[in-house]
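Data block for protein.txt (compact mmCIF, C-alpha atoms):
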# COMPACT_ATOMS: atom_id res chain seq x y z
CA MET A 25 108.58 90.28 81.33
CA ARG A 26 105.75 92.42 79.95
CA SER A 27 103.98 94.51 82.58
CA PRO A 28 100.33 93.56 83.18
CA HIS A 29 99.57 97.27 83.50
CA THR A 30 98.91 99.41 80.43
CA PHE A 31 101.03 102.41 81.25
CA ASP A 32 101.07 105.54 79.14
CA PRO A 33 103.90 104.98 76.59
CA GLU A 34 105.87 108.06 77.64
CA LEU A 35 105.64 107.06 81.29
CA ALA A 36 106.59 103.46 80.53
CA ALA A 37 109.71 104.63 78.70
CA ALA A 38 110.69 106.80 81.67
CA LEU A 39 110.39 103.97 84.18
CA VAL A 40 113.87 102.66 83.44
CA MET A 41 115.29 105.94 84.77
CA MET A 42 113.18 106.05 87.93
CA PRO A 43 114.70 104.64 91.13
CA GLU A 44 112.87 101.89 92.97
CA VAL A 45 111.44 102.91 96.33
CA ASP A 46 111.81 100.44 99.18
CA ILE A 47 111.07 101.83 102.61
CA SER A 48 111.79 98.54 104.37
CA ASP A 49 115.39 99.86 104.57
CA LEU A 50 114.51 103.37 105.60
CA ALA A 51 118.04 104.64 106.15
CA SER A 52 119.05 103.65 102.63
CA ALA A 53 115.85 105.06 101.15
CA ARG A 54 116.39 108.39 102.87
CA ALA A 55 120.03 108.58 101.80
CA ALA A 56 119.16 107.78 98.19
CA GLN A 57 116.40 110.37 98.13
CA ALA A 58 118.65 113.02 99.68
CA ARG A 59 121.26 112.48 96.95
CA GLN A 60 118.64 112.64 94.21
CA LEU A 61 117.01 115.78 95.59
CA ALA A 62 120.32 117.57 96.15
CA SER A 63 121.13 117.14 92.48
CA ALA A 64 117.65 118.14 91.31
CA THR A 65 117.24 121.25 93.45
CA GLY A 66 120.71 122.45 92.55
CA ALA A 67 119.60 122.63 88.92
CA SER A 68 116.26 124.35 89.60
CA ASP A 69 115.45 127.64 87.90
CA THR A 70 114.55 130.15 90.61
CA ALA A 71 114.19 133.13 88.25
CA GLY A 72 111.48 135.49 89.40
CA VAL A 73 111.13 133.86 92.81
CA GLU A 74 112.63 134.78 96.16
CA VAL A 75 113.16 131.63 98.22
CA GLY A 76 113.50 132.03 101.97
CA GLU A 77 112.77 130.33 105.24
CA LEU A 78 110.67 130.90 108.32
CA ARG A 79 110.98 129.14 111.64
CA VAL A 80 107.74 129.29 113.59
CA PRO A 81 106.68 127.97 116.98
CA GLY A 82 105.90 124.27 116.87
CA PRO A 83 103.29 122.32 118.83
CA PRO A 84 103.58 122.55 122.63
CA GLY A 85 106.76 120.83 123.78
CA ALA A 86 107.99 120.28 120.22
CA PRO A 87 110.73 122.01 118.19
CA HIS A 88 110.10 124.96 115.92
CA VAL A 89 108.63 124.17 112.50
CA ARG A 90 110.53 125.19 109.36
CA LEU A 91 108.63 126.66 106.44
CA ARG A 92 110.28 127.18 103.09
CA VAL A 93 108.71 130.27 101.59
CA TYR A 94 108.49 131.20 97.90
CA ARG A 95 107.56 134.80 97.06
CA PRO A 96 107.24 136.30 93.55
CA ARG A 97 109.91 138.94 92.85
CA ARG A 98 108.08 140.63 89.99
CA ARG A 99 104.34 141.10 90.12
CA THR A 100 101.89 142.18 87.46
CA ARG A 101 99.31 142.99 90.10
CA ALA A 102 99.55 145.92 92.50
CA ALA A 103 102.66 145.45 94.62
CA ALA A 104 100.80 146.44 97.78
CA ASP A 105 98.09 143.78 97.37
CA PRO A 106 98.34 140.95 99.92
CA LEU A 107 99.19 137.63 98.30
CA PRO A 108 97.04 134.51 98.33
CA VAL A 109 98.82 131.45 99.71
CA VAL A 110 99.41 127.85 98.73
CA TYR A 111 100.31 125.84 101.83
CA GLY A 112 102.18 122.81 100.51
CA ILE A 113 102.67 119.48 102.26
CA HIS A 114 105.16 117.10 100.65
CA GLY A 115 104.72 113.36 100.23
CA GLY A 116 106.97 110.49 101.20
CA GLY A 117 104.83 107.89 102.94
CA PHE A 118 105.09 109.80 106.24
CA VAL A 119 108.71 108.57 106.49
CA LEU A 120 110.58 110.33 103.66
CA GLY A 121 110.93 113.78 102.20
CA SER A 122 111.35 117.47 102.85
CA PRO A 123 110.32 120.66 101.03
CA ASP A 124 112.94 119.72 98.43
CA VAL A 125 110.51 117.09 97.09
CA ASP A 126 108.20 119.76 95.69
CA HIS A 127 110.77 122.50 95.04
CA ASP A 128 110.21 122.81 91.28
CA TRP A 129 106.43 122.57 91.68
CA ASN A 130 106.46 125.31 94.31
CA LEU A 131 108.56 127.53 92.06
CA LEU A 132 106.09 126.97 89.24
CA LEU A 133 103.06 127.85 91.37
CA CYS A 134 104.73 130.96 92.75
CA ARG A 135 105.64 132.24 89.29
CA GLU A 136 102.50 131.23 87.42
CA LEU A 137 99.95 132.38 90.00
CA GLU A 138 101.87 135.17 91.76
CA VAL A 139 101.11 133.67 95.15
CA LEU A 140 103.17 133.00 98.23
CA VAL A 141 103.93 129.31 98.59
CA ALA A 142 104.85 127.94 102.02
CA SER A 143 106.12 124.35 102.19
CA VAL A 144 106.13 122.80 105.66
CA ASP A 145 109.02 120.62 106.84
CA TYR A 146 107.13 118.34 109.23
CA ARG A 147 108.63 115.66 111.46
CA LEU A 148 108.82 112.16 110.00
CA ALA A 149 107.79 108.74 111.28
CA PRO A 150 108.66 106.31 112.77
CA GLU A 151 110.82 108.55 114.96
CA HIS A 152 107.85 110.91 115.28
CA PRO A 153 104.58 109.00 114.82
CA PHE A 154 101.07 110.45 114.58
CA PRO A 155 100.13 113.13 115.49
CA ALA A 156 103.55 114.80 115.17
CA ALA A 157 103.41 115.51 111.42
CA LEU A 158 99.81 116.73 111.54
CA GLU A 159 100.49 118.96 114.54
CA ASP A 160 103.53 120.45 112.78
CA CYS A 161 101.38 121.19 109.74
CA TYR A 162 98.75 122.81 111.97
CA ALA A 163 101.35 124.93 113.79
CA GLY A 164 102.82 126.15 110.50
CA LEU A 165 99.42 127.04 109.11
CA CYS A 166 98.44 128.91 112.29
CA ALA A 167 101.68 130.89 112.18
CA LEU A 168 101.01 131.96 108.60
CA ALA A 169 97.46 133.04 109.32
CA ASP A 170 98.43 134.84 112.53
CA GLY A 171 101.24 136.70 110.80
CA ALA A 172 99.30 137.51 107.64
CA GLY A 173 99.72 141.27 107.97
CA ALA A 174 103.47 141.19 108.48
CA LEU A 175 103.91 138.61 105.73
CA GLY A 176 101.76 140.50 103.25
CA ILE A 177 99.37 137.62 102.66
CA ARG A 178 95.63 137.02 102.76
CA ALA A 179 94.56 134.78 105.64
CA ASP A 180 91.21 134.25 103.89
CA ARG A 181 92.86 132.95 100.73
CA ILE A 182 94.96 129.96 101.80
CA ALA A 183 94.70 126.79 99.72
CA LEU A 184 96.09 123.50 101.01
CA TRP A 185 98.03 121.38 98.54
CA GLY A 186 99.51 117.96 99.16
CA ASP A 187 100.73 114.87 97.34
CA SER A 188 100.42 111.28 98.59
CA ALA A 189 101.02 111.26 102.36
CA GLY A 190 101.10 115.05 102.15
CA ALA A 191 97.63 115.00 100.64
CA GLY A 192 96.47 112.78 103.48
CA LEU A 193 97.91 115.28 105.94
CA ALA A 194 96.19 118.13 104.08
CA ALA A 195 92.86 116.32 104.32
CA GLY A 196 93.40 115.65 108.03
CA LEU A 197 94.40 119.28 108.50
CA THR A 198 91.07 120.52 107.17
CA LEU A 199 89.29 118.39 109.78
CA LEU A 200 91.59 119.58 112.55
CA CYS A 201 91.25 123.25 111.64
CA ARG A 202 87.48 123.07 111.54
CA ASP A 203 87.21 121.24 114.86
CA ARG A 204 89.69 123.52 116.65
CA GLY A 205 88.43 126.72 115.10
CA GLY A 206 91.83 127.20 113.48
CA PRO A 207 92.66 128.82 110.14
CA GLU A 208 89.99 128.21 107.53
CA ALA A 209 91.46 127.07 104.23
CA CYS A 210 89.56 128.15 101.14
CA PHE A 211 90.42 125.01 99.16
CA GLN A 212 92.04 121.56 99.42
CA HIS A 213 93.96 120.15 96.45
CA LEU A 214 94.78 116.48 97.01
CA CYS A 215 97.04 114.52 94.63
CA SER A 216 97.12 110.72 94.97
CA PRO A 217 96.07 111.04 98.62
CA ALA A 218 96.97 108.46 101.28
CA LEU A 219 93.76 108.41 103.28
CA ASP A 220 93.00 104.86 104.42
CA ASP A 221 95.27 102.78 106.65
CA ARG A 222 93.10 99.67 106.25
CA LEU A 223 94.22 99.03 102.64
CA GLU A 224 91.03 97.14 101.84
CA THR A 225 90.04 98.83 98.59
CA PRO A 226 90.28 96.89 95.31
CA SER A 227 93.25 98.95 94.11
CA ALA A 228 95.08 98.50 97.43
CA ARG A 229 94.66 94.74 97.14
CA LEU A 230 95.45 94.55 93.43
CA PHE A 231 98.53 96.73 92.96
CA THR A 232 101.26 94.78 94.73
CA ASP A 233 103.90 95.30 92.02
CA THR A 234 103.29 98.80 90.69
CA PRO A 235 106.24 101.20 90.25
CA VAL A 236 107.31 103.67 92.94
CA TRP A 237 104.52 102.71 95.35
CA ASN A 238 102.80 99.40 96.01
CA ARG A 239 100.74 97.68 98.68
CA ARG A 240 103.82 96.66 100.70
CA ASN A 241 105.18 100.20 100.85
CA ALA A 242 101.74 101.51 101.75
CA ARG A 243 101.45 99.06 104.62
CA LEU A 244 104.93 99.85 105.92
CA SER A 245 104.28 103.59 105.77
CA TRP A 246 101.04 103.35 107.74
CA GLU A 247 102.67 101.07 110.31
CA ALA A 248 105.48 103.59 110.77
CA TYR A 249 103.03 106.48 111.12
CA LEU A 250 100.43 104.83 113.35
CA GLY A 251 102.25 101.91 114.97
CA LYS A 252 102.24 98.32 113.73
CA ASP A 253 99.66 97.22 116.28
CA VAL A 254 97.43 100.25 115.70
CA ARG A 255 97.07 100.28 111.91
CA ALA A 256 93.73 98.90 110.72
CA THR A 257 92.22 98.94 114.19
CA ALA A 258 89.36 100.97 115.61
CA ALA A 259 91.91 103.12 117.46
CA VAL A 260 92.83 105.07 114.30
CA PRO A 261 91.16 108.52 114.23
CA ALA A 262 89.94 110.33 111.13
CA TYR A 263 92.58 113.02 111.69
CA ALA A 264 95.19 110.34 110.88
CA ALA A 265 93.24 108.49 108.17
CA PRO A 266 90.52 110.79 106.81
CA ALA A 267 88.82 107.92 104.96
CA ARG A 268 87.48 106.92 108.38
CA ALA A 269 85.52 110.17 108.76
CA THR A 270 81.75 109.83 108.83
CA ALA A 271 79.56 111.81 106.46
CA ARG A 272 78.61 114.13 109.28
CA ALA A 273 82.29 114.69 110.11
CA LEU A 274 82.98 115.83 106.54
CA THR A 275 80.41 118.61 106.47
CA GLY A 276 81.66 122.16 106.40
CA LEU A 277 85.03 121.37 104.82
CA PRO A 278 86.54 123.52 102.06
CA PRO A 279 85.93 122.64 98.40
CA ALA A 280 88.21 119.94 97.04
CA TYR A 281 89.97 118.78 93.91
CA ILE A 282 91.30 115.22 93.99
CA SER A 283 93.47 113.59 91.34
CA VAL A 284 94.34 109.89 91.32
CA MET A 285 96.59 107.67 89.22
CA GLU A 286 95.10 104.70 87.39
CA PHE A 287 97.67 102.10 88.49
CA ASP A 288 98.14 103.16 92.11
CA PRO A 289 97.19 101.27 95.27
CA LEU A 290 95.85 104.58 96.61
CA ARG A 291 93.53 105.15 93.64
CA ASP A 292 90.27 103.86 95.08
CA GLU A 293 90.59 105.50 98.49
CA GLY A 294 90.99 108.85 96.74
CA MET A 295 87.92 108.22 94.61
CA ALA A 296 85.91 107.04 97.61
CA TYR A 297 86.89 110.14 99.57
CA ALA A 298 85.76 112.38 96.71
CA HIS A 299 82.38 110.65 96.69
CA ALA A 300 82.14 110.95 100.48
CA LEU A 301 82.87 114.68 100.32
CA THR A 302 80.25 115.10 97.61
CA GLY A 303 77.77 113.22 99.78
CA ALA A 304 78.53 115.66 102.59
CA ARG A 305 77.76 118.54 100.19
CA VAL A 306 81.38 119.64 99.89
CA PRO A 307 81.96 120.88 96.31
CA THR A 308 84.41 118.33 94.92
CA ARG A 309 86.02 117.51 91.58
CA ILE A 310 87.89 114.29 90.87
CA ARG A 311 90.13 113.31 88.00
CA MET A 312 91.80 109.99 87.25
CA LEU A 313 94.89 110.22 85.06
CA PRO A 314 94.90 107.29 82.59
CA GLY A 315 97.95 105.11 82.22
CA THR A 316 99.67 106.62 85.25
CA PHE A 317 101.27 105.24 88.40
CA HIS A 318 102.03 106.76 91.80
CA GLY A 319 104.74 109.37 91.49
CA ALA A 320 104.23 109.84 87.74
CA TRP A 321 104.22 113.62 88.35
CA ALA A 322 108.02 113.37 88.21
CA VAL A 323 107.86 112.60 84.47
CA GLU A 324 107.22 116.22 83.56
CA HIS A 325 107.68 115.82 79.79
CA ALA A 326 104.89 113.25 79.38
CA ALA A 327 101.79 114.72 77.71
CA VAL A 328 99.43 113.27 80.31
CA ILE A 329 101.43 114.94 83.08
CA ARG A 330 101.76 118.25 81.24
CA ASP A 331 98.00 118.32 80.79
CA ALA A 332 97.37 117.42 84.44
CA THR A 333 99.84 120.07 85.57
CA ARG A 334 98.08 122.77 83.56
CA GLU A 335 94.76 121.75 85.05
CA ALA A 336 96.17 121.65 88.58
CA VAL A 337 97.60 125.15 88.24
CA ASP A 338 94.30 126.43 86.82
CA VAL A 339 92.30 124.81 89.62
CA LEU A 340 94.48 126.39 92.31
CA GLY A 341 94.49 129.69 90.47
CA THR A 342 90.70 129.76 90.30
CA ALA A 343 90.38 128.88 93.99
CA LEU A 344 92.75 131.71 94.90
CA GLY A 345 91.21 134.30 92.60
CA ARG A 346 94.18 134.19 90.19
CA ARG A 347 92.21 132.93 87.17

How does the structure come out when it is put into structure tokens?
Amino acid sequence: MRSPHTFDPELAAALVMMPEVDISDLASARAAQARQLASATGASDTAGVEVGELRVPGPPGAPHVRLRVYRPRRRTRAAADPLPVVYGIHGGGFVLGSPDVDHDWNLLLCRELEVLVASVDYRLAPEHPFPAALEDCYAGLCALADGAGALGIRADRIALWGDSAGAGLAAGLTLLCRDRGGPEACFQHLCSPALDDRLETPSARLFTDTPVWNRRNARLSWEAYLGKDVRATAAVPAYAAPARATARALTGLPPAYISVMEFDPLRDEGMAYAHALTGARVPTRIRMLPGTFHGAWAVEHAAVIRDATREAVDVLGTALGRR
């Protein structure tokens, strides 16, 4: 049957090779993803990048937080100069994923921009519901900023980057840092962000059959993260679902770049958040990628994705003083 969605031709051709995501059977979804990622990361080109790991104190009463750290081996800039940082938060609907999800992307950023990339391995729902993931992200970011001297990084040049649920966590993290007086990120880069648990936008209602992510998966992910009886109620704070933040609550946040996919249930909440940030006088750019669906970043050879990748790298590079 012909799809009702006009996907980019290169992306449409790649769909037959992309696994279906169904988080209603979470154990199977996690096992399938682990197999896929093990194969992918094993083939990654790590030339020019030193990949290591840090374990830092977690939130009070919680385990340590693991950070996968990417550091450029060869630098064109002065070797003694502290490095800017990209603090990466992976996606996975709050229930899937690890730093392996963004391994190739993190390698690319480290090489291209000569920055330190730290990818946080936060706890997953439903075993660890909100605020566990957000608190892990906050603990990891605090550890980086506090140890800036020893790590050879600039605490005043940390950009947050996230995709999907990771982008939602990045947005919530900016709110949390501001309100707690924690580390001050210089930029937030949000890709296909999951920001609104209510799922009431036109795209959230329309895209029930889109590839990789659809309304059903979105609902299940929010229910796992917040609790089935909590999602879409007044009990959900903006730290969990930043779309709920008032205009006043958005003031004073770092500049933002938000990209959304055309055929994605999360499209409209990302666009609405960009407009809300702009209304709160936060410098914000938004880009919608035509013909795309959630997770289309994985189709690296497609021209629309190559173009978006170049722009994303340039945006982060400019924010970090690398362009």

Fill in: Which of A:Val125, A:Leu120, A:Val139, A:Ala172 sits closest to Leu61 in chain A [using all atoms listed in the file]
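Of A:Val125, A:Leu120, A:Val139, A:Ala172, the one nearest Leu61 in chain A, counting all atoms listed in the file, is A:Val125.
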
Discussion item. Counting only C-alpha atoms, find residues at most 7 Å from (108.1, 121.4, 109.0) (file frame) and give them as a PyMOL selection string.
Written reply: chain A and resi 89-91+144-147+160-161

Worksheet item: If we count all atoms listed in the file, what is near range 258-262 of chain A at a cut-off of 12 Å, once residues fewer than 2 positions away on the same chain are taken out, given as number ranges by chain?
Response: A: 154-155, 158, 192-193, 195-200, 203, 219-222, 246-247, 249-256, 264-271, 273-274, 297

Worksheet item: Between A:Ala51, A:Gln57, A:Gly82, A:Ile177, which has the minimum distance to Pro106 in chain A (counting all atoms listed in the file)?
Response: A:Ile177

Return as a tab-separated table the residues of range 214-292 of chain A lying at most 10 Å from range 30-50 of chain A, together with the closest atom-to-atom pair for each and the distance in Å to one decimal, counting only C-alpha atoms, with rows in chain order and ascending residue number.
residue	atom	partner	partner_atom	distance
A:Pro235	CA	A:Glu44	CA	7.2
A:Val236	CA	A:Val45	CA	5.4
A:Trp237	CA	A:Val45	CA	7.0
A:Asn238	CA	A:Val45	CA	9.3
A:Arg240	CA	A:Asp46	CA	9.0
A:Asn241	CA	A:Ile47	CA	6.4
A:Ala242	CA	A:Ile47	CA	9.4
A:Leu244	CA	A:Ser48	CA	7.2
A:Ser245	CA	A:Ile47	CA	7.7
A:Glu286	CA	A:Phe31	CA	8.8
A:Phe287	CA	A:Phe31	CA	8.0

Fill in: Who sits within 7 Å of Ser216 in chain A, all atoms listed in the file, same chain under 2 positions skipped, as a ChimeraX atom specification
/A:187-188,214,218,283-285,290-291,294

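The shortest atom-to-atom distance to Gly112 in chain A, with all atoms listed in the file taken into account, belongs to A:Leu184 out of A:Leu184, A:Asp128, A:Arg178, A:Glu138.
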
Box along x, y and z, 3 Å on every side, all listed atoms of range 328-337 of chain A inside: centre and edge lengths in Å to one decimal, as lines of an AutoDock Vina configuration file.
center_x = 98.3
center_y = 119.2
center_z = 84.4
size_x = 13.0
size_y = 17.9
size_z = 14.3

Long-range neighbours of Glu335 in chain A as a compact mmCIF listing (two decimals) with C-alpha atoms, in the frame of the given file, 12 Å cut-off, all atoms listed in the file, 4 positions minimum in chain:
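Everything below was put into out-v6.txt:
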# COMPACT_ATOMS: atom_id res chain seq x y z
CA HIS A 213 93.96 120.15 96.45
CA TYR A 281 89.97 118.78 93.91
CA ILE A 282 91.30 115.22 93.99
CA SER A 283 93.47 113.59 91.34
CA ARG A 309 86.02 117.51 91.58
CA ILE A 310 87.89 114.29 90.87
CA ARG A 311 90.13 113.31 88.00
CA LEU A 313 94.89 110.22 85.06
CA VAL A 328 99.43 113.27 80.31
CA ILE A 329 101.43 114.94 83.08
CA ARG A 330 101.76 118.25 81.24
CA ASP A 331 98.00 118.32 80.79
CA VAL A 339 92.30 124.81 89.62
CA LEU A 340 94.48 126.39 92.31
CA GLY A 341 94.49 129.69 90.47
CA THR A 342 90.70 129.76 90.30
CA ARG A 347 92.21 132.93 87.17

Worksheet item: From the set A:Gly319, A:Gly173, A:Pro217, A:Pro278, which residue has the shortest atom-to-atom contact distance to Thr302 in chain A, counting only C-alpha atoms?
Response: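 Of A:Gly319, A:Gly173, A:Pro217, A:Pro278, the one nearest Thr302 in chain A, counting only C-alpha atoms, is A:Pro278.
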
Practice prompt. Give me, please, the distance in Å between CA of Thr257 in chain A and CA of Arg243 in chain A, quoted to one decimal.
Written response: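 A separation of 13.3 Å between them.
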
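Between CA of Leu168 in chain A and CA of Arg101 in chain A there is a distance of 21.6 Å.
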
Worksheet entry | Length of the CA of Val73 in chain A to CA of Arg95 in chain A vector [Å] |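 CA of Arg95 in chain A lies at a distance of 5.6 Å from CA of Val73 in chain A.
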
Discussion item. When you look at Tyr111 in chain A with a cut-off of 8 Å (counting only C-alpha atoms), what residues show up, excluding the ones that are within fewer than 2 positions of it in the same chain? I need them as a ChimeraX atom specification.
Written reply: /A:109,113,141-144,165,182-185

Practice prompt. Name the residues, using the chain letters and numbers of the file, that sit within 10 Å of (115.3, 115.3, 101.2) when counting all atoms listed in the file, and give them as a PyMOL selection string.
Written response: chain A and resi 54-62+65+116+120-125+145

Worksheet item: Smallest atom-to-atom distance to Val337 in chain A: which of A:Arg135, A:Arg92, A:His127, A:Arg97, using only C-alpha atoms?
Response: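 Comparing A:Arg135, A:Arg92, A:His127, A:Arg97 against Val337 in chain A, the winner is A:Arg135.
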
Practice prompt. Go through A:Val80, A:Leu132, A:Leu140, A:Ala248 one by one, measure the shortest atom-to-atom distance of each to Cys166 in chain A using only C-alpha atoms, and give the residue with the smallest value.
Written response: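 Checking each candidate against Cys166 in chain A, we get A:Val80 as the closest.
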